[in-house]
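Listing of target-v3.cif, mmCIF, C-alpha atoms and all ligand atoms
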data_structure
loop_
_atom_site.group_PDB
_atom_site.id
_atom_site.type_symbol
_atom_site.label_atom_id
_atom_site.label_comp_id
_atom_site.auth_asym_id
_atom_site.auth_seq_id
_atom_site.Cartn_x
_atom_site.Cartn_y
_atom_site.Cartn_z
ATOM 1 C CA MET A 121 20.274 18.656 8.168
ATOM 2 C CA SER A 122 22.889 20.053 5.754
ATOM 3 C CA VAL A 123 22.166 20.747 2.110
ATOM 4 C CA LYS A 124 24.658 18.045 1.178
ATOM 5 C CA THR A 125 22.513 15.315 2.751
ATOM 6 C CA LEU A 126 19.353 16.293 0.890
ATOM 7 C CA PRO A 127 19.891 14.046 -2.164
ATOM 8 C CA THR A 128 20.531 11.161 0.229
ATOM 9 C CA TYR A 129 17.199 11.756 1.944
ATOM 10 C CA GLY A 130 15.465 12.064 -1.415
ATOM 11 C CA PHE A 131 16.927 8.735 -2.489
ATOM 12 C CA LEU A 132 15.937 7.092 0.800
ATOM 13 C CA PHE A 133 12.410 8.443 0.446
ATOM 14 C CA LEU A 134 12.167 6.983 -3.059
ATOM 15 C CA MET A 135 13.461 3.599 -1.894
ATOM 16 C CA LEU A 136 11.097 3.625 1.075
ATOM 17 C CA THR A 137 8.142 4.399 -1.185
ATOM 18 C CA LEU A 138 9.084 1.526 -3.479
ATOM 19 C CA PHE A 139 9.540 -0.789 -0.491
ATOM 20 C CA VAL A 140 6.171 0.146 1.007
ATOM 21 C CA SER A 141 4.504 -0.341 -2.378
ATOM 22 C CA CYS A 142 5.999 -3.801 -2.636
ATOM 23 C CA ILE A 143 4.792 -4.757 0.847
ATOM 24 C CA GLY A 144 1.362 -3.334 0.012
ATOM 25 C CA THR A 145 1.046 -5.413 -3.126
ATOM 26 C CA SER A 146 2.226 -8.707 -1.647
ATOM 27 C CA SER A 147 0.146 -8.490 1.541
ATOM 28 C CA GLN A 148 -2.950 -7.580 -0.481
ATOM 29 C CA THR A 149 -2.404 -10.686 -2.548
ATOM 30 C CA ALA A 150 -1.890 -12.880 0.517
ATOM 31 C CA LYS A 151 -4.869 -11.487 2.397
ATOM 32 C CA ARG A 152 -7.329 -11.494 -0.503
ATOM 33 C CA ASP A 153 -10.711 -13.018 0.364
ATOM 34 C CA VAL A 154 -9.607 -13.916 3.893
ATOM 35 C CA THR A 155 -11.235 -12.427 6.960
ATOM 36 C CA ARG A 156 -8.630 -12.647 9.692
ATOM 37 C CA PRO A 157 -9.734 -13.188 13.277
ATOM 38 C CA PRO A 158 -8.407 -10.398 15.505
ATOM 39 C CA PHE A 159 -5.184 -11.279 17.346
ATOM 40 C CA ALA A 160 -2.159 -9.114 18.242
ATOM 41 C CA ALA A 161 1.070 -11.130 18.359
ATOM 42 C CA ASP A 162 2.856 -8.174 20.000
ATOM 43 C CA SER A 163 0.621 -8.518 23.014
ATOM 44 C CA ALA A 164 1.188 -12.289 23.285
ATOM 45 C CA TYR A 165 4.945 -11.703 22.891
ATOM 46 C CA ALA A 166 4.942 -9.106 25.704
ATOM 47 C CA HIS A 167 3.063 -11.535 27.998
ATOM 48 C CA ILE A 168 5.723 -14.180 27.336
ATOM 49 C CA ALA A 169 8.514 -11.682 28.131
ATOM 50 C CA THR A 170 6.759 -10.744 31.384
ATOM 51 C CA GLN A 171 6.638 -14.390 32.480
ATOM 52 C CA LEU A 172 10.344 -14.850 31.717
ATOM 53 C CA SER A 173 11.157 -11.707 33.722
ATOM 54 C CA PHE A 174 9.981 -13.580 36.847
ATOM 55 C CA GLY A 175 12.617 -16.281 36.251
ATOM 56 C CA PRO A 176 11.914 -19.999 35.718
ATOM 57 C CA ARG A 177 8.381 -20.669 37.096
ATOM 58 C CA ILE A 178 9.414 -23.737 39.073
ATOM 59 C CA PRO A 179 6.611 -24.987 41.338
ATOM 60 C CA GLY A 180 7.218 -23.704 44.870
ATOM 61 C CA SER A 181 9.430 -20.779 43.777
ATOM 62 C CA ASP A 182 8.731 -17.039 44.090
ATOM 63 C CA ALA A 183 8.773 -16.790 40.276
ATOM 64 C CA HIS A 184 6.005 -19.407 40.130
ATOM 65 C CA ALA A 185 3.918 -17.488 42.704
ATOM 66 C CA ASP A 186 4.501 -14.250 40.742
ATOM 67 C CA CYS A 187 3.299 -15.990 37.588
ATOM 68 C CA VAL A 188 0.112 -17.221 39.300
ATOM 69 C CA ASP A 189 -0.580 -13.651 40.479
ATOM 70 C CA PHE A 190 0.120 -12.319 36.979
ATOM 71 C CA ILE A 191 -2.260 -14.749 35.233
ATOM 72 C CA VAL A 192 -5.013 -14.273 37.849
ATOM 73 C CA GLN A 193 -4.735 -10.482 37.680
ATOM 74 C CA LYS A 194 -4.765 -10.404 33.866
ATOM 75 C CA MET A 195 -7.653 -12.852 33.471
ATOM 76 C CA THR A 196 -9.708 -10.991 36.068
ATOM 77 C CA ALA A 197 -9.014 -7.707 34.275
ATOM 78 C CA TYR A 198 -10.195 -9.300 31.005
ATOM 79 C CA GLY A 199 -13.520 -10.172 32.618
ATOM 80 C CA ALA A 200 -13.075 -13.853 33.498
ATOM 81 C CA SER A 201 -14.300 -15.498 36.669
ATOM 82 C CA VAL A 202 -11.063 -16.917 38.094
ATOM 83 C CA ASP A 203 -10.285 -19.697 40.605
ATOM 84 C CA VAL A 204 -6.942 -21.068 41.724
ATOM 85 C CA GLU A 205 -7.511 -24.752 42.478
ATOM 86 C CA GLN A 206 -4.946 -26.108 44.880
ATOM 87 C CA GLY A 207 -4.203 -29.729 45.633
ATOM 88 C CA TYR A 208 -1.442 -32.292 46.020
ATOM 89 C CA MET A 209 -0.050 -34.967 43.747
ATOM 90 C CA THR A 210 2.809 -37.436 44.140
ATOM 91 C CA ASP A 211 5.934 -36.511 42.178
ATOM 92 C CA TYR A 212 8.542 -38.740 40.480
ATOM 93 C CA ALA A 213 10.431 -39.155 43.769
ATOM 94 C CA GLY A 214 7.315 -40.161 45.705
ATOM 95 C CA GLU A 215 7.146 -36.762 47.436
ATOM 96 C CA LYS A 216 4.018 -34.707 47.953
ATOM 97 C CA GLN A 217 3.874 -31.953 45.341
ATOM 98 C CA GLN A 218 1.665 -28.879 45.666
ATOM 99 C CA VAL A 219 -0.269 -28.167 42.465
ATOM 100 C CA ARG A 220 -2.034 -24.897 41.610
ATOM 101 C CA ASN A 221 -4.252 -24.909 38.506
ATOM 102 C CA ILE A 222 -5.748 -21.602 37.383
ATOM 103 C CA VAL A 223 -9.281 -21.810 35.955
ATOM 104 C CA ALA A 224 -10.653 -18.721 34.161
ATOM 105 C CA ARG A 225 -14.253 -18.927 32.954
ATOM 106 C CA PHE A 226 -16.000 -16.758 30.353
ATOM 107 C CA GLY A 227 -19.647 -16.435 29.334
ATOM 108 C CA ASP A 228 -22.602 -18.128 31.051
ATOM 109 C CA LEU A 229 -20.994 -19.932 33.979
ATOM 110 C CA ASN A 230 -23.903 -22.401 34.290
ATOM 111 C CA ALA A 231 -23.969 -23.379 30.627
ATOM 112 C CA LYS A 232 -22.822 -26.766 29.349
ATOM 113 C CA HIS A 233 -21.287 -27.406 25.890
ATOM 114 C CA ARG A 234 -18.278 -25.362 26.925
ATOM 115 C CA LEU A 235 -15.024 -25.097 25.007
ATOM 116 C CA LEU A 236 -11.857 -25.872 26.963
ATOM 117 C CA LEU A 237 -8.677 -23.932 26.134
ATOM 118 C CA CYS A 238 -5.732 -25.240 28.126
ATOM 119 C CA THR A 239 -1.970 -24.945 28.443
ATOM 120 C CA HIS A 240 0.651 -25.343 31.175
ATOM 121 C CA TYR A 241 2.393 -22.420 32.850
ATOM 122 C CA ASP A 242 5.075 -24.134 34.991
ATOM 123 C CA SER A 243 8.746 -24.329 33.995
ATOM 124 C CA ARG A 244 10.751 -27.542 34.151
ATOM 125 C CA PRO A 245 13.039 -27.444 37.226
ATOM 126 C CA TRP A 246 15.818 -29.275 35.383
ATOM 127 C CA SER A 247 17.545 -28.383 32.098
ATOM 128 C CA ASP A 248 18.168 -32.077 31.628
ATOM 129 C CA GLN A 249 18.677 -31.914 27.858
ATOM 130 C CA ASP A 250 21.410 -29.279 28.310
ATOM 131 C CA ASP A 251 25.047 -29.596 29.485
ATOM 132 C CA GLU A 252 25.416 -31.410 32.778
ATOM 133 C CA ALA A 253 26.226 -28.102 34.529
ATOM 134 C CA TYR A 254 22.614 -27.008 33.984
ATOM 135 C CA ARG A 255 20.961 -30.140 35.400
ATOM 136 C CA TYR A 256 19.567 -28.344 38.405
ATOM 137 C CA VAL A 257 18.895 -25.023 36.673
ATOM 138 C CA GLY A 258 15.286 -24.299 35.734
ATOM 139 C CA VAL A 259 14.348 -23.940 32.057
ATOM 140 C CA PRO A 260 13.486 -20.324 31.038
ATOM 141 C CA ALA A 261 10.551 -21.996 29.253
ATOM 142 C CA ALA A 262 9.667 -19.281 26.767
ATOM 143 C CA ASN A 263 8.058 -21.901 24.545
ATOM 144 C CA ASP A 264 7.596 -24.800 26.938
ATOM 145 C CA GLY A 265 5.358 -22.935 29.382
ATOM 146 C CA ALA A 266 5.064 -19.236 28.635
ATOM 147 C CA SER A 267 3.997 -19.349 24.965
ATOM 148 C CA GLY A 268 0.564 -20.950 25.459
ATOM 149 C CA VAL A 269 -0.156 -18.579 28.339
ATOM 150 C CA GLY A 270 0.861 -15.588 26.188
ATOM 151 C CA VAL A 271 -1.483 -16.634 23.378
ATOM 152 C CA PHE A 272 -4.419 -17.243 25.744
ATOM 153 C CA LEU A 273 -3.948 -13.919 27.567
ATOM 154 C CA GLU A 274 -4.197 -12.128 24.228
ATOM 155 C CA ILE A 275 -7.260 -14.211 23.283
ATOM 156 C CA ALA A 276 -8.841 -13.268 26.634
ATOM 157 C CA ARG A 277 -8.272 -9.596 25.766
ATOM 158 C CA GLN A 278 -9.968 -10.160 22.410
ATOM 159 C CA LEU A 279 -12.906 -11.932 24.108
ATOM 160 C CA GLN A 280 -13.420 -8.922 26.328
ATOM 161 C CA LEU A 281 -13.532 -6.657 23.260
ATOM 162 C CA LYS A 282 -15.896 -9.002 21.414
ATOM 163 C CA PRO A 283 -17.367 -11.894 23.444
ATOM 164 C CA SER A 284 -17.660 -15.281 21.744
ATOM 165 C CA ALA A 285 -21.022 -17.010 21.267
ATOM 166 C CA LYS A 286 -19.334 -20.021 22.905
ATOM 167 C CA ASN A 287 -18.857 -20.381 26.651
ATOM 168 C CA ILE A 288 -15.131 -20.747 27.102
ATOM 169 C CA ASP A 289 -12.989 -21.917 30.010
ATOM 170 C CA MET A 290 -9.252 -21.311 29.995
ATOM 171 C CA VAL A 291 -7.292 -23.634 32.251
ATOM 172 C CA PHE A 292 -3.632 -23.039 33.079
ATOM 173 C CA PHE A 293 -2.191 -26.322 34.316
ATOM 174 C CA ASP A 294 0.605 -26.519 36.847
ATOM 175 C CA CYS A 295 3.360 -29.166 37.132
ATOM 176 C CA GLU A 296 3.148 -30.466 33.562
ATOM 177 C CA ASP A 297 6.923 -30.557 33.315
ATOM 178 C CA MET A 298 7.752 -32.289 36.626
ATOM 179 C CA GLY A 299 8.318 -35.682 34.959
ATOM 180 C CA THR A 300 11.267 -37.815 36.019
ATOM 181 C CA PRO A 301 14.578 -36.024 35.204
ATOM 182 C CA ALA A 302 16.490 -37.682 32.384
ATOM 183 C CA PHE A 303 19.573 -38.028 34.644
ATOM 184 C CA ILE A 304 17.679 -40.108 37.225
ATOM 185 C CA ASP A 305 18.443 -43.687 36.400
ATOM 186 C CA ASN A 306 15.044 -45.302 36.780
ATOM 187 C CA ASN A 307 12.053 -45.996 34.635
ATOM 188 C CA ASP A 308 10.207 -42.806 33.746
ATOM 189 C CA ARG A 309 6.543 -43.437 34.512
ATOM 190 C CA PRO A 310 4.182 -41.401 32.283
ATOM 191 C CA ASP A 311 2.121 -40.274 35.271
ATOM 192 C CA THR A 312 5.073 -38.340 36.742
ATOM 193 C CA TRP A 313 4.264 -35.759 34.012
ATOM 194 C CA CYS A 314 1.121 -33.631 33.693
ATOM 195 C CA LEU A 315 0.364 -33.551 37.443
ATOM 196 C CA GLY A 316 -1.854 -30.464 37.056
ATOM 197 C CA SER A 317 -4.148 -31.925 34.416
ATOM 198 C CA GLN A 318 -4.323 -35.224 36.325
ATOM 199 C CA LEU A 319 -5.557 -33.319 39.385
ATOM 200 C CA TRP A 320 -7.979 -31.182 37.343
ATOM 201 C CA ALA A 321 -9.482 -34.248 35.657
ATOM 202 C CA GLN A 322 -10.170 -35.913 39.019
ATOM 203 C CA LYS A 323 -13.164 -33.589 39.515
ATOM 204 C CA GLN A 324 -15.903 -35.796 38.112
ATOM 205 C CA GLU A 325 -18.526 -33.012 38.329
ATOM 206 C CA ARG A 326 -16.766 -31.642 35.239
ATOM 207 C CA LYS A 327 -17.916 -34.661 33.230
ATOM 208 C CA GLY A 328 -20.251 -33.630 30.386
ATOM 209 C CA LEU A 329 -19.449 -29.945 30.805
ATOM 210 C CA TYR A 330 -17.164 -29.621 27.778
ATOM 211 C CA ASP A 331 -17.779 -30.486 24.132
ATOM 212 C CA TRP A 332 -14.080 -30.458 23.326
ATOM 213 C CA GLY A 333 -10.779 -28.761 24.025
ATOM 214 C CA ILE A 334 -7.583 -27.322 22.588
ATOM 215 C CA LEU A 335 -4.211 -27.699 24.311
ATOM 216 C CA LEU A 336 -1.324 -25.389 23.391
ATOM 217 C CA ASP A 337 2.254 -26.440 24.161
ATOM 218 C CA MET A 338 5.405 -24.899 22.640
ATOM 219 C CA VAL A 339 3.658 -22.607 20.190
ATOM 220 C CA GLY A 340 6.041 -19.672 19.761
ATOM 221 C CA ALA A 341 9.259 -20.777 18.072
ATOM 222 C CA PRO A 342 10.503 -19.446 14.735
ATOM 223 C CA GLY A 343 9.784 -21.918 11.951
ATOM 224 C CA ALA A 344 7.535 -24.063 14.156
ATOM 225 C CA THR A 345 5.539 -26.797 12.468
ATOM 226 C CA PHE A 346 2.459 -28.385 13.997
ATOM 227 C CA TYR A 347 1.708 -31.884 12.794
ATOM 228 C CA LYS A 348 -1.562 -33.714 13.508
ATOM 229 C CA GLU A 349 -0.516 -35.184 16.843
ATOM 230 C CA TYR A 350 -1.292 -38.899 17.085
ATOM 231 C CA TYR A 351 -3.502 -39.039 20.217
ATOM 232 C CA SER A 352 -5.384 -35.907 19.139
ATOM 233 C CA VAL A 353 -6.347 -37.673 15.917
ATOM 234 C CA GLN A 354 -7.364 -40.766 17.929
ATOM 235 C CA GLN A 355 -9.627 -38.902 20.351
ATOM 236 C CA ALA A 356 -10.722 -35.811 18.427
ATOM 237 C CA SER A 357 -10.205 -36.344 14.671
ATOM 238 C CA ASN A 358 -13.135 -34.112 13.602
ATOM 239 C CA TYR A 359 -11.758 -31.228 15.691
ATOM 240 C CA VAL A 360 -8.243 -31.792 14.348
ATOM 241 C CA ASP A 361 -9.706 -31.528 10.842
ATOM 242 C CA LEU A 362 -11.595 -28.354 11.768
ATOM 243 C CA ILE A 363 -8.491 -26.653 13.181
ATOM 244 C CA TRP A 364 -6.159 -27.701 10.364
ATOM 245 C CA SER A 365 -8.642 -26.727 7.646
ATOM 246 C CA ASN A 366 -9.176 -23.310 9.250
ATOM 247 C CA ALA A 367 -5.392 -22.928 9.343
ATOM 248 C CA ALA A 368 -5.189 -23.740 5.634
ATOM 249 C CA SER A 369 -7.895 -21.176 4.791
ATOM 250 C CA LEU A 370 -5.887 -18.572 6.683
ATOM 251 C CA GLY A 371 -2.802 -19.428 4.610
ATOM 252 C CA TYR A 372 -1.023 -21.295 7.432
ATOM 253 C CA ASP A 373 -0.842 -24.699 5.767
ATOM 254 C CA LYS A 374 2.973 -24.768 6.064
ATOM 255 C CA ILE A 375 2.898 -24.135 9.840
ATOM 256 C CA PHE A 376 -0.072 -26.472 10.369
ATOM 257 C CA SER A 377 1.167 -29.425 8.340
ATOM 258 C CA SER A 378 -1.436 -31.942 7.179
ATOM 259 C CA LYS A 379 1.043 -34.753 7.921
ATOM 260 C CA PRO A 380 0.443 -37.106 10.854
ATOM 261 C CA GLY A 381 2.491 -36.385 13.977
ATOM 262 C CA ALA A 382 4.113 -38.527 16.650
ATOM 263 C CA PRO A 383 2.253 -39.552 19.839
ATOM 264 C CA ILE A 384 3.008 -37.017 22.584
ATOM 265 C CA LEU A 385 2.459 -37.476 26.297
ATOM 266 C CA ASP A 386 0.794 -34.198 27.245
ATOM 267 C CA ASP A 387 -2.069 -32.764 29.283
ATOM 268 C CA HIS A 388 -4.668 -33.673 26.618
ATOM 269 C CA ILE A 389 -4.167 -37.370 27.494
ATOM 270 C CA TYR A 390 -5.409 -36.842 31.069
ATOM 271 C CA VAL A 391 -8.183 -34.422 30.077
ATOM 272 C CA HIS A 392 -9.524 -37.210 27.841
ATOM 273 C CA LYS A 393 -8.730 -40.124 30.154
ATOM 274 C CA GLY A 394 -10.282 -38.556 33.265
ATOM 275 C CA LEU A 395 -13.288 -36.747 31.816
ATOM 276 C CA GLY A 396 -13.729 -38.035 28.261
ATOM 277 C CA ILE A 397 -13.125 -34.603 26.735
ATOM 278 C CA PRO A 398 -11.782 -34.872 23.165
ATOM 279 C CA CYS A 399 -8.785 -32.548 23.168
ATOM 280 C CA VAL A 400 -6.461 -31.439 20.366
ATOM 281 C CA ASP A 401 -2.790 -30.844 21.183
ATOM 282 C CA ILE A 402 -1.188 -28.114 19.069
ATOM 283 C CA ILE A 403 2.479 -28.812 19.776
ATOM 284 C CA HIS A 404 5.755 -28.139 17.994
ATOM 285 C CA THR A 405 7.617 -31.312 17.053
ATOM 286 C CA LEU A 406 10.213 -32.225 14.449
ATOM 287 C CA PRO A 407 9.077 -33.937 11.222
ATOM 288 C CA GLN A 408 10.682 -37.195 12.353
ATOM 289 C CA GLY A 409 9.249 -36.839 15.886
ATOM 290 C CA GLY A 410 11.096 -35.511 18.915
ATOM 291 C CA PHE A 411 11.488 -31.878 19.916
ATOM 292 C CA PRO A 412 13.650 -28.948 18.771
ATOM 293 C CA ALA A 413 17.213 -28.594 20.129
ATOM 294 C CA TRP A 414 16.213 -25.898 22.645
ATOM 295 C CA TRP A 415 13.723 -28.223 24.374
ATOM 296 C CA HIS A 416 14.462 -28.594 28.117
ATOM 297 C CA THR A 417 17.614 -26.461 27.803
ATOM 298 C CA GLN A 418 18.646 -22.909 28.709
ATOM 299 C CA GLU A 419 18.113 -22.029 25.028
ATOM 300 C CA ASP A 420 14.315 -22.074 25.418
ATOM 301 C CA ASN A 421 14.417 -18.290 25.892
ATOM 302 C CA MET A 422 13.081 -15.158 24.151
ATOM 303 C CA MET A 423 15.444 -15.770 21.207
ATOM 304 C CA GLN A 424 13.186 -18.719 20.414
ATOM 305 C CA VAL A 425 9.993 -16.709 20.222
ATOM 306 C CA ASP A 426 8.707 -15.428 16.895
ATOM 307 C CA ARG A 427 5.695 -13.159 16.521
ATOM 308 C CA ALA A 428 4.826 -14.788 13.173
ATOM 309 C CA THR A 429 4.288 -18.179 14.832
ATOM 310 C CA LEU A 430 2.270 -16.619 17.671
ATOM 311 C CA GLN A 431 0.136 -14.761 15.108
ATOM 312 C CA ALA A 432 -0.630 -17.976 13.209
ATOM 313 C CA VAL A 433 -1.558 -19.917 16.347
ATOM 314 C CA GLY A 434 -3.585 -17.027 17.752
ATOM 315 C CA GLU A 435 -5.606 -16.578 14.570
ATOM 316 C CA VAL A 436 -6.236 -20.298 14.187
ATOM 317 C CA VAL A 437 -7.510 -20.669 17.774
ATOM 318 C CA MET A 438 -9.609 -17.495 17.389
ATOM 319 C CA SER A 439 -11.092 -18.945 14.185
ATOM 320 C CA VAL A 440 -12.940 -21.668 16.165
ATOM 321 C CA LEU A 441 -14.257 -19.287 18.844
HETATM 322 ZN ZN ZN A 501 8.468 -29.728 28.698
#

Just dump the structure as structure tokens.
Amino acid sequence: MSVKTLPTYGFLFLMLTLFVSCIGTSSQTAKRDVTRPPFAADSAYAHIATQLSFGPRIPGSDAHADCVDFIVQKMTAYGASVDVEQGYMTDYAGEKQQVRNIVARFGDLNAKHRLLLCTHYDSRPWSDQDDEAYRYVGVPAANDGASGVGVFLEIARQLQLKPSAKNIDMVFFDCEDMGTPAFIDNNDRPDTWCLGSQLWAQKQERKGLYDWGILLDMVGAPGATFYKEYYSVQQASNYVDLIWSNAASLGYDKIFSSKPGAPILDDHIYVHKGLGIPCVDIIHTLPQGGFPAWWHTQEDNMMQVDRATLQAVGEVVMSVL
């Protein structure tokens, strides 16, 4: 360092001090009287990046197999009892589709009144909302696949550090996004989507095991807003109220909007239909319904992941554990 640069450093130091003071004051104001549940968005973000490094997790691909190994290895390391449940469902084209759901269980494995935390981990094989050239290219699925997994892996780490009084099962559904491609000119049947949760909910011995559930889908985008999804309110209004009021107490009332949301076909439908489990879908939609522009395109990549959104979702889910 030359003598000449010293005043510059002094000035920078002063500015930095002022800046830090400002941050200190504002965050103290925002965090006053609020006990925040522990959650590290950096960790969730890194887990999302790891999944994208495998490539699109299209069922049957190496990337998909790598992702199964990754989730199983992580959940086992965090102390869960893990099973990969394999079966077959019929896809949109009438073909047999292999399905691999990952079930990770925490706490007393024989206890009832469990809490279900679920999300899907597969990537859509077709970027059918993108340019025609990308029809047969898999979606990177940073939000629509990897984000829920990233949040739950971080929650699993937190549960290992401080176990919940609740007995919790995390279920990672496969083949949620295998629904009829938009470029196939036939009627899209709802049951071509959510193949993993349909298979999972066929196991009737699960009936009565869960009090309720939370489904995460597309929970990492910058500026995301979560409205009170229509079917969630129909089947689980008291749990919707619980989640949204916890969000408001944590200062996340802009992200978790109190406005009613559109009806969304998602895994929570089949969890409720097959086993009667009231399940709340926390999903990013536009105020007028529909999904953001990156949905089912190549743009659903790491550029569309924001730690602030992950932090909000992570804290809100942790607040009910
Ligand atoms: Zn999707």

Please identify the residues whose atoms come within 10 Å of ligand ZN 501 (chain A), using all atoms listed in the file, and report them as a VMD selection string. chain A and resid 240 242 to 247 259 261 263 to 265 295 to 299 313 to 314 337 to 338 386 411 415 to 417

Name all residues at most 10 Å from segment 188-194 of chain A (count only C-alpha atoms; drop same-chain ones fewer than 3 positions away) and give them as a count of residues only. 32

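Note that the spacing between atom CA of Gly434 of chain A and atom CA of Tyr372 of chain A amounts to 11.5 Å.
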
The PyMOL selection byres (((chain A and resi 317-330) around 6) and not hetatm) resolved against shown file, as a VMD selection string: chain A and resid 232 to 235 293 314 to 316 331 to 332 387 390 to 391 394 to 395

Name all residues at most 8 Å from segment 368-371 of chain A (count all atoms listed in the file; drop same-chain ones fewer than 4 positions away) and give them as a short mmCIF file (atom, residue, chain, number, x, y, z; two decimals) with C-alpha atoms, keeping the file's coordinate frame.
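Full text of around_14.cif as output:
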data_model
loop_
_atom_site.label_atom_id
_atom_site.label_comp_id
_atom_site.auth_asym_id
_atom_site.auth_seq_id
_atom_site.Cartn_x
_atom_site.Cartn_y
_atom_site.Cartn_z
CA ALA A 150 -1.89 -12.88 0.52
CA VAL A 154 -9.61 -13.92 3.89
CA ARG A 156 -8.63 -12.65 9.69
CA TRP A 364 -6.16 -27.70 10.36
CA PHE A 376 -0.07 -26.47 10.37
CA VAL A 436 -6.24 -20.30 14.19
#

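Distance-wise, atom CA of Gly340 of chain A and atom CA of Arg427 of chain A end up 7.3 Å apart.
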
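With only C-alpha atoms as the atoms that count, the minimum distance from Leu430 of chain A to the choices A:Asp250, A:Glu205, A:Asp373, A:Asp162 is reached by A:Asp162.
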
So which one's closest to Pro380 of chain A, A:Ala367, A:Ala341, A:Ala428, A:Val360? Using all atoms listed in the file, please. A:Val360

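Nearest residue to Cys187 of chain A, choosing from A:Ala266, A:Gly343, A:Pro301, A:Asn230 and counting only C-alpha atoms: A:Ala266.
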
Among the residues A:Ile403, A:Met290, A:Met423, A:Leu279, the one that comes closest to Ser352 of chain A [using only C-alpha atoms]: A:Ile403

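Pairwise distance (atom CA of Leu385 of chain A, atom CA of Ser439 of chain A) equals 26.0 Å.
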
Edge lengths and centre, in Å to one decimal, as AutoDock Vina command-line options: that's what I need for the box along x, y and z that holds all listed atoms of segment 341-346 of chain A plus 8 Å on each side.
--center_x 6.5 --center_y -23.9 --center_z 15.0 --size_x 24.0 --size_y 24.9 --size_z 22.1

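Using all atoms listed in the file, the nearest neighbour of Gln408 of chain A within the list A:Ala161, A:Ile375, A:Val425, A:Ala382 is A:Ala382.
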
Name the residues captured by the PyMOL selection byres (((chain A and resi 309) around 8) and not hetatm) when it is applied to the shown file; answer as a compact mmCIF listing (two decimals) with C-alpha atoms, keeping the file's coordinate frame.
# COMPACT_ATOMS: atom_id res chain seq x y z
CA TYR A 212 8.54 -38.74 40.48
CA GLY A 299 8.32 -35.68 34.96
CA THR A 300 11.27 -37.82 36.02
CA ASN A 307 12.05 -46.00 34.64
CA ASP A 308 10.21 -42.81 33.75
CA PRO A 310 4.18 -41.40 32.28
CA ASP A 311 2.12 -40.27 35.27
CA THR A 312 5.07 -38.34 36.74

From the list A:Asp211, A:Gln217, A:Ser267, A:Thr239, the nearest residue to Gly180 of chain A using all atoms listed in the file is A:Gln217

Evaluated on this file, the PyMOL selection byres (((chain A and resi 381) around 10) and not hetatm) picks out some residues - which ones are they, written as a VMD selection string? chain A and resid 346 to 353 377 to 380 382 to 384 403 to 410

Those residues you just picked out, can you put them in a file as a PDB file, keeping the file's coordinate frame with C-alpha atoms?
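Output (result.pdb):
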ATOM      1  CA  PHE A 346       2.459 -28.385  13.997  1.00  0.00           C
ATOM      2  CA  TYR A 347       1.708 -31.884  12.794  1.00  0.00           C
ATOM      3  CA  LYS A 348      -1.562 -33.714  13.508  1.00  0.00           C
ATOM      4  CA  GLU A 349      -0.516 -35.184  16.843  1.00  0.00           C
ATOM      5  CA  TYR A 350      -1.292 -38.899  17.085  1.00  0.00           C
ATOM      6  CA  TYR A 351      -3.502 -39.039  20.217  1.00  0.00           C
ATOM      7  CA  SER A 352      -5.384 -35.907  19.139  1.00  0.00           C
ATOM      8  CA  VAL A 353      -6.347 -37.673  15.917  1.00  0.00           C
ATOM      9  CA  SER A 377       1.167 -29.425   8.340  1.00  0.00           C
ATOM     10  CA  SER A 378      -1.436 -31.942   7.179  1.00  0.00           C
ATOM     11  CA  LYS A 379       1.043 -34.753   7.921  1.00  0.00           C
ATOM     12  CA  PRO A 380       0.443 -37.106  10.854  1.00  0.00           C
ATOM     13  CA  ALA A 382       4.113 -38.527  16.650  1.00  0.00           C
ATOM     14  CA  PRO A 383       2.253 -39.552  19.839  1.00  0.00           C
ATOM     15  CA  ILE A 384       3.008 -37.017  22.584  1.00  0.00           C
ATOM     16  CA  ILE A 403       2.479 -28.812  19.776  1.00  0.00           C
ATOM     17  CA  HIS A 404       5.755 -28.139  17.994  1.00  0.00           C
ATOM     18  CA  THR A 405       7.617 -31.312  17.053  1.00  0.00           C
ATOM     19  CA  LEU A 406      10.213 -32.225  14.449  1.00  0.00           C
ATOM     20  CA  PRO A 407       9.077 -33.937  11.222  1.00  0.00           C
ATOM     21  CA  GLN A 408      10.682 -37.195  12.353  1.00  0.00           C
ATOM     22  CA  GLY A 409       9.249 -36.839  15.886  1.00  0.00           C
ATOM     23  CA  GLY A 410      11.096 -35.511  18.915  1.00  0.00           C
TER      24      GLY A 410
END

Residue neighbourhood Gly227 of chain A, 8 Å, only C-alpha atoms, exclusion window fewer than 6 positions, as an MDAnalysis selection string: chainID A and resid 283:284 286:288
